[in-house]
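> Below is work_28.tsv; it holds TSV, C-alpha atoms.
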```
chain	number	residue	atom	x	y	z
E	1	MET	CA	-16.21	-2.40	-27.67
E	2	SER	CA	-17.32	-3.79	-24.29
E	3	TRP	CA	-14.82	-6.67	-24.58
E	4	SER	CA	-11.92	-4.34	-25.25
E	5	ARG	CA	-13.01	-2.18	-22.29
E	6	ALA	CA	-13.17	-5.24	-20.06
E	7	ILE	CA	-9.69	-6.36	-21.14
E	8	VAL	CA	-8.19	-2.92	-20.56
E	9	GLY	CA	-9.92	-2.71	-17.17
E	10	ALA	CA	-8.64	-6.15	-16.20
E	11	LEU	CA	-5.10	-5.27	-17.28
E	12	VAL	CA	-5.20	-2.19	-15.06
E	13	VAL	CA	-6.94	-3.71	-12.05
E	14	LEU	CA	-5.38	-7.20	-11.97
E	15	PRO	CA	-1.78	-6.16	-11.16
E	16	VAL	CA	-3.02	-3.96	-8.32
E	17	VAL	CA	-5.23	-6.74	-6.94
E	18	MET	CA	-2.30	-9.20	-7.22
E	19	LEU	CA	-0.05	-6.76	-5.35
E	20	PHE	CA	-2.57	-6.44	-2.53
E	21	ALA	CA	-3.12	-10.22	-2.50
E	22	PHE	CA	0.66	-10.69	-2.15
E	23	GLY	CA	0.62	-8.26	0.77
E	24	LEU	CA	-2.11	-10.31	2.48
E	25	THR	CA	0.12	-13.41	2.43
E	26	ARG	CA	2.64	-11.67	4.69
E	27	ASP	CA	2.46	-11.14	8.42
E	28	PRO	CA	2.70	-7.39	9.08
E	29	ARG	CA	3.76	-8.09	12.68
E	30	ALA	CA	6.64	-10.35	11.65
E	31	MET	CA	9.91	-8.53	12.20
E	32	PRO	CA	12.50	-9.22	9.54
E	33	THR	CA	15.79	-10.57	10.80
E	34	THR	CA	19.01	-11.04	8.94
E	35	LEU	CA	20.86	-12.81	11.75
E	36	PRO	CA	20.26	-16.53	11.13
E	37	GLY	CA	23.17	-18.05	9.21
E	38	ARG	CA	25.52	-15.18	10.01
E	39	THR	CA	28.39	-15.20	12.47
E	40	ALA	CA	27.07	-13.74	15.71
E	41	PRO	CA	28.44	-10.23	16.29
E	42	ASP	CA	31.07	-10.43	19.00
E	43	PHE	CA	30.59	-8.56	22.24
E	44	GLU	CA	32.46	-7.89	25.44
E	45	LEU	CA	30.07	-6.93	28.22
E	46	VAL	CA	30.35	-6.43	31.95
E	47	ARG	CA	28.51	-8.81	34.27
E	48	MET	CA	25.89	-7.24	36.49
E	49	PRO	CA	26.72	-8.01	40.15
E	50	LEU	CA	23.66	-9.92	41.36
E	51	ASP	CA	24.27	-9.03	45.02
E	52	GLY	CA	24.25	-5.29	44.36
E	53	GLY	CA	27.94	-4.81	45.02
E	54	ALA	CA	30.33	-3.01	42.71
E	55	THR	CA	32.15	-4.93	40.01
E	56	GLY	CA	35.20	-6.69	41.37
E	57	SER	CA	38.78	-5.53	41.10
E	58	ASP	CA	39.52	-8.10	38.43
E	59	ALA	CA	37.79	-6.45	35.48
E	60	ARG	CA	38.58	-9.40	33.20
E	61	ALA	CA	36.71	-11.82	35.44
E	62	ASP	CA	33.72	-9.50	35.36
E	63	THR	CA	33.45	-9.27	31.58
E	64	VAL	CA	32.15	-11.81	29.11
E	65	ARG	CA	33.43	-11.98	25.55
E	66	LEU	CA	31.32	-14.05	23.19
E	67	SER	CA	34.24	-15.14	21.00
E	68	THR	CA	35.76	-17.05	23.94
E	69	HIS	CA	32.76	-19.41	23.79
E	70	ARG	CA	33.45	-20.70	20.29
E	71	GLY	CA	32.63	-24.41	20.39
E	72	ASP	CA	29.77	-23.96	22.85
E	73	VAL	CA	26.09	-23.45	22.27
E	74	VAL	CA	25.24	-19.95	23.51
E	75	VAL	CA	21.79	-18.55	24.24
E	76	VAL	CA	21.57	-14.77	24.56
E	77	ASN	CA	18.34	-13.36	25.96
E	78	PHE	CA	17.67	-9.61	25.75
E	79	TRP	CA	15.31	-8.51	28.51
E	80	ALA	CA	14.26	-5.70	30.84
E	81	SER	CA	12.45	-5.44	34.16
E	82	TRP	CA	9.80	-3.17	32.59
E	83	CYS	CA	9.00	-5.80	29.93
E	84	LEU	CA	5.83	-7.72	30.75
E	85	PRO	CA	6.38	-10.72	28.40
E	86	CYS	CA	9.82	-11.18	30.02
E	87	ARG	CA	7.98	-12.35	33.13
E	88	THR	CA	6.33	-15.20	31.26
E	89	GLU	CA	9.61	-16.60	29.91
E	90	HIS	CA	11.85	-16.11	32.93
E	91	ALA	CA	11.10	-19.43	34.65
E	92	ALA	CA	11.65	-21.37	31.42
E	93	LEU	CA	15.00	-19.66	30.79
E	94	THR	CA	16.22	-20.26	34.34
E	95	ASP	CA	15.12	-23.91	34.39
E	96	VAL	CA	16.49	-24.81	30.96
E	97	ALA	CA	19.76	-22.97	31.62
E	98	ARG	CA	20.19	-25.00	34.81
E	99	ALA	CA	19.32	-28.26	33.05
E	100	TYR	CA	21.83	-27.71	30.22
E	101	ARG	CA	24.66	-26.19	32.26
E	102	ASP	CA	26.58	-29.48	32.40
E	103	ARG	CA	26.24	-30.00	28.67
E	104	GLY	CA	28.22	-26.90	27.80
E	105	VAL	CA	25.33	-24.65	26.95
E	106	ARG	CA	25.93	-21.05	28.03
E	107	PHE	CA	23.06	-18.73	28.82
E	108	TYR	CA	23.44	-14.97	29.08
E	109	GLY	CA	20.85	-12.34	29.81
E	110	VAL	CA	21.55	-8.90	28.35
E	111	LEU	CA	19.82	-6.06	30.16
E	112	TYR	CA	18.20	-3.64	27.73
E	113	GLU	CA	17.43	-0.01	28.59
E	114	ASP	CA	17.18	-0.69	32.29
E	115	SER	CA	19.04	0.04	35.50
E	116	PRO	CA	20.89	-2.68	37.43
E	117	SER	CA	18.97	-1.80	40.63
E	118	ASN	CA	15.59	-2.31	38.90
E	119	ALA	CA	16.88	-5.53	37.34
E	120	ARG	CA	18.08	-6.89	40.70
E	121	ARG	CA	14.77	-6.06	42.36
E	122	TRP	CA	12.91	-7.80	39.53
E	123	LEU	CA	15.14	-10.89	39.73
E	124	ASP	CA	14.62	-11.10	43.50
E	125	GLU	CA	10.89	-10.91	42.95
E	126	MET	CA	11.06	-13.61	40.25
E	127	GLY	CA	13.03	-16.01	42.45
E	128	GLY	CA	16.54	-15.40	41.11
E	129	VAL	CA	18.33	-16.33	37.92
E	130	SER	CA	20.59	-19.25	37.04
E	131	TYR	CA	22.83	-17.49	34.49
E	132	PRO	CA	24.87	-14.25	34.29
E	133	ILE	CA	23.22	-10.96	33.44
E	134	LEU	CA	25.29	-8.59	31.29
E	135	LEU	CA	25.07	-4.81	31.03
E	136	ASP	CA	24.81	-3.18	27.61
E	137	PRO	CA	25.30	0.58	27.95
E	138	GLY	CA	23.85	2.52	25.03
E	139	ALA	CA	22.26	-0.68	23.68
E	140	ARG	CA	25.23	-1.12	21.33
E	141	THR	CA	25.12	-4.92	21.46
E	142	ALA	CA	21.33	-4.88	21.13
E	143	ILE	CA	21.66	-2.83	17.92
E	144	ASP	CA	24.41	-5.16	16.67
E	145	TYR	CA	21.88	-7.97	17.05
E	146	GLY	CA	19.13	-6.04	15.27
E	147	LEU	CA	16.96	-5.79	18.36
E	148	THR	CA	13.48	-4.34	17.84
E	149	GLY	CA	12.16	-4.87	21.36
E	150	VAL	CA	12.29	-7.21	24.32
E	151	PRO	CA	12.26	-10.05	24.88
E	152	GLU	CA	14.34	-11.46	22.05
E	153	THR	CA	16.47	-14.58	22.29
E	154	VAL	CA	19.36	-15.51	20.00
E	155	PHE	CA	20.61	-19.09	19.62
E	156	ILE	CA	24.27	-19.41	18.61
E	157	GLY	CA	25.79	-22.70	17.50
E	158	PRO	CA	29.26	-24.11	18.31
E	159	ASP	CA	30.49	-22.68	14.99
E	160	GLY	CA	29.64	-19.18	16.20
E	161	ARG	CA	26.76	-18.74	13.77
E	162	VAL	CA	23.28	-17.66	14.74
E	163	SER	CA	20.79	-20.45	14.15
E	164	HIS	CA	17.62	-18.63	15.21
E	165	LYS	CA	16.34	-15.40	16.70
E	166	GLN	CA	13.14	-15.67	18.70
E	167	VAL	CA	11.18	-12.43	18.75
E	168	GLY	CA	8.88	-12.46	21.76
E	169	PRO	CA	8.89	-14.76	24.77
E	170	VAL	CA	10.42	-18.24	24.58
E	171	THR	CA	8.94	-21.37	26.11
E	172	SER	CA	10.78	-24.38	27.55
E	173	GLN	CA	9.83	-26.33	24.43
E	174	ILE	CA	11.30	-23.73	22.09
E	175	LEU	CA	14.49	-23.55	24.16
E	176	VAL	CA	14.95	-27.31	24.32
E	177	ASP	CA	14.19	-27.83	20.62
E	178	ARG	CA	16.57	-25.10	19.49
E	179	ILE	CA	19.37	-26.18	21.84
E	180	GLU	CA	19.07	-29.89	20.99
E	181	ALA	CA	19.28	-29.02	17.29
E	182	LEU	CA	22.62	-27.31	17.95
E	183	LEU	CA	24.19	-29.87	20.28
E	184	PRO	CA	26.36	-32.57	18.69
E	185	ALA	CA	24.39	-35.74	17.97
E	186	GLU	CA	26.33	-37.91	20.44
E	187	ALA	CA	25.81	-35.42	23.23
E	188	SER	CA	22.11	-35.01	22.58
E	189	SER	CA	21.33	-38.73	22.46
H	1	MET	CA	7.10	12.57	-8.15
H	2	ARG	CA	9.77	11.47	-5.68
H	3	ALA	CA	7.48	12.40	-2.81
H	4	LEU	CA	4.76	10.23	-4.36
H	5	ALA	CA	7.19	7.33	-4.73
H	6	THR	CA	8.18	7.74	-1.09
H	7	ALA	CA	4.54	7.77	-0.02
H	8	VAL	CA	3.91	4.51	-1.90
H	9	ALA	CA	7.10	3.04	-0.39
H	10	VAL	CA	5.84	3.86	3.07
H	11	ALA	CA	2.42	2.37	2.25
H	12	ILE	CA	3.96	-0.87	0.97
H	13	ALA	CA	6.30	-1.04	3.96
H	14	ALA	CA	3.32	-0.60	6.28
H	15	ALA	CA	1.47	-3.42	4.50
H	16	GLY	CA	4.35	-5.81	5.11
H	17	PRO	CA	8.08	-5.71	5.62
H	18	ALA	CA	10.26	-6.03	2.59
H	19	PRO	CA	12.35	-9.19	2.46
H	20	GLY	CA	15.55	-8.75	4.41
H	21	ALA	CA	18.97	-9.08	2.96
H	22	SER	CA	19.91	-12.69	2.40
H	23	PRO	CA	22.09	-14.10	5.15
H	24	GLY	CA	25.69	-13.52	4.18
H	25	GLN	CA	28.75	-15.36	5.28
H	26	GLU	CA	30.55	-12.23	6.39
H	27	ALA	CA	30.62	-11.39	10.06
H	28	THR	CA	29.14	-8.01	10.87
H	29	PRO	CA	31.72	-5.68	12.38
H	30	SER	CA	30.35	-4.92	15.80
H	31	VAL	CA	29.51	-1.46	17.09
H	32	GLN	CA	32.12	-1.99	19.77
H	33	ASP	CA	34.82	-2.45	17.11
H	34	THR	CA	33.75	0.82	15.51
H	35	THR	CA	33.76	2.64	18.83
H	36	ALA	CA	37.27	1.38	19.46
H	37	ALA	CA	38.30	2.70	16.06
H	38	ALA	CA	36.76	6.09	16.88
H	39	VAL	CA	38.59	6.24	20.17
H	40	ALA	CA	41.83	5.33	18.46
H	41	GLY	CA	41.18	8.16	15.97
H	42	ARG	CA	41.51	6.03	12.87
H	43	GLY	CA	39.02	5.71	10.06
H	44	THR	CA	38.05	2.43	8.46
H	45	GLY	CA	36.84	3.73	5.12
H	46	GLY	CA	36.37	7.40	4.41
H	47	GLN	CA	37.76	10.59	5.76
H	48	VAL	CA	37.51	11.26	9.49
H	49	VAL	CA	34.93	14.00	10.06
H	50	SER	CA	33.96	16.09	13.07
H	51	GLY	CA	32.04	19.18	14.14
H	52	ALA	CA	29.34	20.66	11.92
H	53	ARG	CA	30.19	18.34	9.02
H	54	LEU	CA	29.71	15.32	11.30
H	55	ASP	CA	26.37	16.73	12.53
H	56	GLU	CA	25.21	17.25	8.94
H	57	LEU	CA	26.28	13.75	7.82
H	58	THR	CA	24.66	12.18	10.90
H	59	ARG	CA	21.40	14.02	10.15
H	60	ARG	CA	21.50	12.95	6.52
H	61	VAL	CA	22.10	9.25	7.27
H	62	ALA	CA	19.71	9.18	10.25
H	63	SER	CA	16.88	10.61	8.14
H	64	LYS	CA	17.20	7.65	5.75
H	65	LEU	CA	16.97	4.99	8.47
H	66	ARG	CA	13.68	3.74	9.86
H	67	CYS	CA	12.98	3.85	13.58
H	68	VAL	CA	12.39	0.13	14.13
H	69	ILE	CA	9.81	0.61	16.88
H	70	CYS	CA	7.84	3.47	15.27
H	71	GLN	CA	5.38	3.80	12.40
H	72	GLY	CA	7.02	5.41	9.38
H	73	LEU	CA	9.44	7.63	11.32
H	74	SER	CA	13.15	7.99	10.72
H	75	ILE	CA	15.61	7.72	13.60
H	76	GLU	CA	16.30	11.42	13.00
H	77	ASP	CA	12.67	12.29	13.76
H	78	SER	CA	11.85	9.73	16.45
H	79	PRO	CA	12.31	10.67	20.12
H	80	SER	CA	12.36	7.00	21.20
H	81	GLU	CA	15.38	5.83	23.14
H	82	LEU	CA	16.29	3.07	20.69
H	83	ALA	CA	16.13	5.52	17.76
H	84	GLN	CA	18.40	7.93	19.62
H	85	GLN	CA	20.81	5.10	20.39
H	86	MET	CA	20.80	4.06	16.72
H	87	LYS	CA	21.52	7.68	15.81
H	88	ALA	CA	24.42	7.68	18.26
H	89	VAL	CA	25.76	4.58	16.48
H	90	VAL	CA	25.48	6.41	13.14
H	91	ARG	CA	27.45	9.31	14.59
H	92	GLU	CA	30.11	7.05	16.09
H	93	GLN	CA	30.61	5.15	12.85
H	94	LEU	CA	30.88	8.35	10.80
H	95	ALA	CA	33.30	9.79	13.36
H	96	ALA	CA	35.32	6.58	13.04
H	97	GLY	CA	35.75	7.29	9.33
H	98	ARG	CA	33.06	5.13	7.77
H	99	THR	CA	31.32	6.60	4.76
H	100	PRO	CA	27.53	7.24	4.89
H	101	GLU	CA	27.09	4.29	2.49
H	102	GLU	CA	29.06	1.99	4.80
H	103	VAL	CA	26.96	3.07	7.78
H	104	GLU	CA	23.75	2.39	5.82
H	105	ARG	CA	25.11	-1.02	4.80
H	106	TYR	CA	25.82	-1.82	8.47
H	107	PHE	CA	22.19	-1.16	9.38
H	108	VAL	CA	20.91	-3.09	6.34
H	109	ARG	CA	23.07	-6.06	7.40
H	110	THR	CA	21.79	-5.76	10.97
H	111	TYR	CA	18.10	-5.05	10.41
H	112	GLY	CA	17.56	-5.94	6.75
H	113	GLU	CA	16.64	-3.71	3.83
H	114	TRP	CA	13.42	-2.91	5.69
H	115	VAL	CA	15.39	-0.41	7.79
H	116	LEU	CA	15.78	1.90	4.77
H	117	LEU	CA	12.89	4.36	4.48
H	118	GLU	CA	13.50	4.51	0.72
H	119	PRO	CA	14.26	1.03	-0.59
H	120	GLU	CA	17.00	0.55	-3.19
H	121	PRO	CA	15.50	0.80	-6.71
H	122	THR	CA	16.34	-2.76	-7.72
H	123	GLY	CA	14.32	-5.95	-8.31
H	124	PHE	CA	10.83	-6.01	-6.84
H	125	ASN	CA	11.48	-2.64	-5.18
H	126	LEU	CA	11.31	-1.05	-8.64
H	127	ALA	CA	7.53	-1.42	-8.40
H	128	VAL	CA	7.55	1.24	-5.70
H	129	TYR	CA	9.14	3.72	-8.09
H	130	LEU	CA	7.48	2.68	-11.36
H	131	LEU	CA	3.88	2.07	-10.25
H	132	PRO	CA	3.16	5.71	-9.35
H	133	VAL	CA	4.46	6.82	-12.76
H	134	LEU	CA	2.39	4.18	-14.58
H	135	ALA	CA	-0.68	5.08	-12.50
H	136	LEU	CA	-0.24	8.76	-13.38
H	137	LEU	CA	0.12	7.95	-17.09
H	138	ALA	CA	-2.98	5.73	-17.01
H	139	GLY	CA	-4.92	8.44	-15.17
H	140	ALA	CA	-3.82	11.11	-17.64
H	141	THR	CA	-4.90	8.89	-20.57
H	142	VAL	CA	-8.34	8.35	-19.02
H	143	VAL	CA	-8.73	12.10	-18.44
H	144	VAL	CA	-7.67	12.98	-22.01
H	145	VAL	CA	-10.06	10.43	-23.55
H	146	ALA	CA	-12.92	11.55	-21.28
H	147	VAL	CA	-12.36	15.25	-21.97
H	148	LYS	CA	-12.19	14.62	-25.71
H	149	ARG	CA	-15.46	12.73	-25.53
H	150	TRP	CA	-17.20	15.41	-23.46
H	151	THR	CA	-16.04	18.28	-25.68
H	152	ARG	CA	-17.17	16.78	-28.98
H	153	THR	CA	-19.48	18.99	-31.02
H	154	PRO	CA	-23.03	17.70	-31.71
H	155	ASP	CA	-22.05	16.93	-35.34
H	156	GLU	CA	-19.06	14.87	-34.26
H	157	ARG	CA	-21.25	13.08	-31.71
H	158	VAL	CA	-23.82	12.19	-34.38
H	159	ALA	CA	-21.08	11.01	-36.76
H	160	ALA	CA	-19.51	8.87	-34.05
H	161	ASP	CA	-22.84	7.34	-32.97
H	162	SER	CA	-24.25	6.67	-36.46
H	163	PRO	CA	-23.65	3.20	-37.91
H	164	GLU	CA	-20.97	3.28	-40.61
H	165	ALA	CA	-22.84	0.92	-42.85
```
Go ahead and express the file in the form of structure tokens.


Amino acid sequence: MSWSRAIVGALVVLPVVMLFAFGLTRDPRAMPTTLPGRTAPDFELVRMPLDGGATGSDARADTVRLSTHRGDVVVVNFWASWCLPCRTEHAALTDVARAYRDRGVRFYGVLYEDSPSNARRWLDEMGGVSYPILLDPGARTAIDYGLTGVPETVFIGPDGRVSHKQVGPVTSQILVDRIEALLPAEASS
Amino acid sequence: MRALATAVAVAIAAAGPAPGASPGQEATPSVQDTTAAAVAGRGTGGQVVSGARLDELTRRVASKLRCVICQGLSIEDSPSELAQQMKAVVREQLAAGRTPEEVERYFVRTYGEWVLLEPEPTGFNLAVYLLPVLALLAGATVVVVAVKRWTRTPDERVAADSPEA
């Protein structure tokens, strides 16, 4: 009698315990992303004038379309001036962007839920930026990229596919490792 | 029963995100493409809708999609800016002629299956729908057995307790 009770009890309790144990193996803070491996969603965004002036008369020169960069490594960083972790990664992004400019690596910052005037003030305070900042009205591009907050950084290979999405601030090491993995072997040697 | 299944779904989602959709080879049509289609007045899938019907469809789809920066709220219920922008995307895509299913698929491709407040009843997700039913059945069995035992007459109790030999 007691054995049969124990077996029935184990049969009821064990699956529940196993389910909870499975849940413990997962990081509840990890945000799921479906981007890596997929072709990066195309975008056409207006550059933010860094000097505070209006966008120029040549609208084409002031917009950036991702699909025109096929063949290049592209790093897209979503950020905002109200985002505290964005402060910690800014120097790394600016330095690495400058270092890789001659090797065909394009960096773009996409402003998320922020005003250009706040962004310019923040950039002045942080010592400037070495790559273009793009405006994303209505966060349409951010949603296309499955954004859940800032900062997030997307690494796009020469084939136009996303290789990695970094949720949270990047470091110089992360940037260099991810970029080197995407650059052709002869160029990275 | 469905409410119970939803409650368990929310509990499991809170414990850990469901695995996202596997990376496909297909490029995701961008929001900007959809907006262009809306402006041009052409649909890409279903019938072009507007007015009260569009409001109703937007509400229906938005209430199925999770606010990605909230705890267990749909983008219909969340006042956050990102949720409202996601809802605007839902509206634009429906106005452009996409069906509610196509709009849901766009968000699943973008954010993973985790974005659905009620996961699709397939594979491991079935546990969310079946476990509450099994738990109820097990509970009912325990109650029936216990009640039967408690309501036995003294004679039945003696007969049950006495050794058969």

> Let me make sure I understand: among H:Val68, H:Leu126, H:Ala95, H:Leu73, which one has the smallest atom-to-atom distance to chain E if we use all atoms listed in the file?

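When distances to chain E are compared using all atoms listed in the file, the smallest one comes from H:Val68.
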
> Listing only residues of chain E within 8 Å of chain H, what is the closest atom pair and its distance in Å (to one decimal) for each, using all atoms listed in the file, sorted by chain and residue number ascending, as CSV?


```
residue,atom,partner,partner_atom,distance
E:Gly23,CA,H:Ala15,CA,6.2
E:Arg26,CA,H:Gly16,CA,6.1
E:Asp27,CA,H:Gly16,CA,6.6
E:Pro28,CA,H:Gly16,CA,4.6
E:Arg29,CA,H:Gly16,CA,7.9
E:Ala30,CA,H:Pro17,CA,7.7
E:Met31,CA,H:Pro17,CA,7.4
E:Pro32,CA,H:Gly20,CA,6.0
E:Thr33,CA,H:Tyr111,CA,6.0
E:Thr34,CA,H:Gly112,CA,5.7
E:Leu35,CA,H:Pro23,CA,6.8
E:Pro36,CA,H:Pro23,CA,6.7
E:Gly37,CA,H:Pro23,CA,5.8
E:Arg38,CA,H:Gln25,CA,5.7
E:Thr39,CA,H:Ala27,CA,5.0
E:Ala40,CA,H:Ala27,CA,7.1
E:Pro41,CA,H:Ser30,CA,5.7
E:Asp42,CA,H:Ser30,CA,6.4
E:Phe43,CA,H:Gln32,CA,7.2
E:Gly138,CA,H:Gln85,CA,6.1
E:Ala139,CA,H:Gln85,CA,6.8
E:Arg140,CA,H:Val31,CA,6.0
E:Thr141,CA,H:Val31,CA,7.1
E:Ile143,CA,H:Met86,CA,7.0
E:Asp144,CA,H:Ser30,CA,6.0
E:Tyr145,CA,H:Thr110,CA,6.5
E:Gly146,CA,H:Thr110,CA,5.1
E:Thr148,CA,H:Val68,CA,5.9
E:Gly149,CA,H:Ile69,CA,7.5
```

> Nearest to Phe78 in chain E: which of E:Leu14, E:Leu111, E:Ala21, E:Leu135 is it, counting all atoms listed in the file?

E:Leu111

> As an exercise, work out the distance from CA of Leu50 in chain E to CA of Ile133 in chain E in Å and give it to one decimal place.

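One can read the CA of Leu50 in chain E to CA of Ile133 in chain E distance as 8.0 Å.
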
> What is the CA of Gly72 in chain H to CA of Arg60 in chain H distance in Å?

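Between CA of Gly72 in chain H and CA of Arg60 in chain H the gap is 16.6 Å.
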
> Let me know the centre plus edge lengths, in Å and rounded to one decimal, of a box with edges along x, y and z that contains all listed atoms of range 133-148 of chain H and is padded by 4 Å on every side, as JSON.


```
{"center_x": -4.2, "center_y": 9.7, "center_z": -19.1, "size_x": 25.4, "size_y": 19.1, "size_z": 21.2}
```

> Have a look at E:Asp95, E:Glu125, E:Glu152, E:Asp177 and name the one nearest to Gly109 in chain E; count all atoms listed in the file.

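Looking only at the distances to Gly109 in chain E, the closest residue turns out to be E:Glu152.
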
> Hey, can you check how far CA of Pro119 in chain H sits from CA of Leu65 in chain H?

10.3 Å

> Using all atoms listed in the file, what residues lie at most 8 Å away from (28.5, -9.9, 37.4) (file coordinates), given as a PyMOL selection string?

chain E and resi 46-50+55+62-63+132-134

> Considering all atoms listed in the file, can you say which of E:Leu93, E:Val73, E:Ala10, E:Ala80 comes closest to Arg120 in chain E?

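The shortest atom-to-atom distance to Arg120 in chain E comes from E:Ala80.
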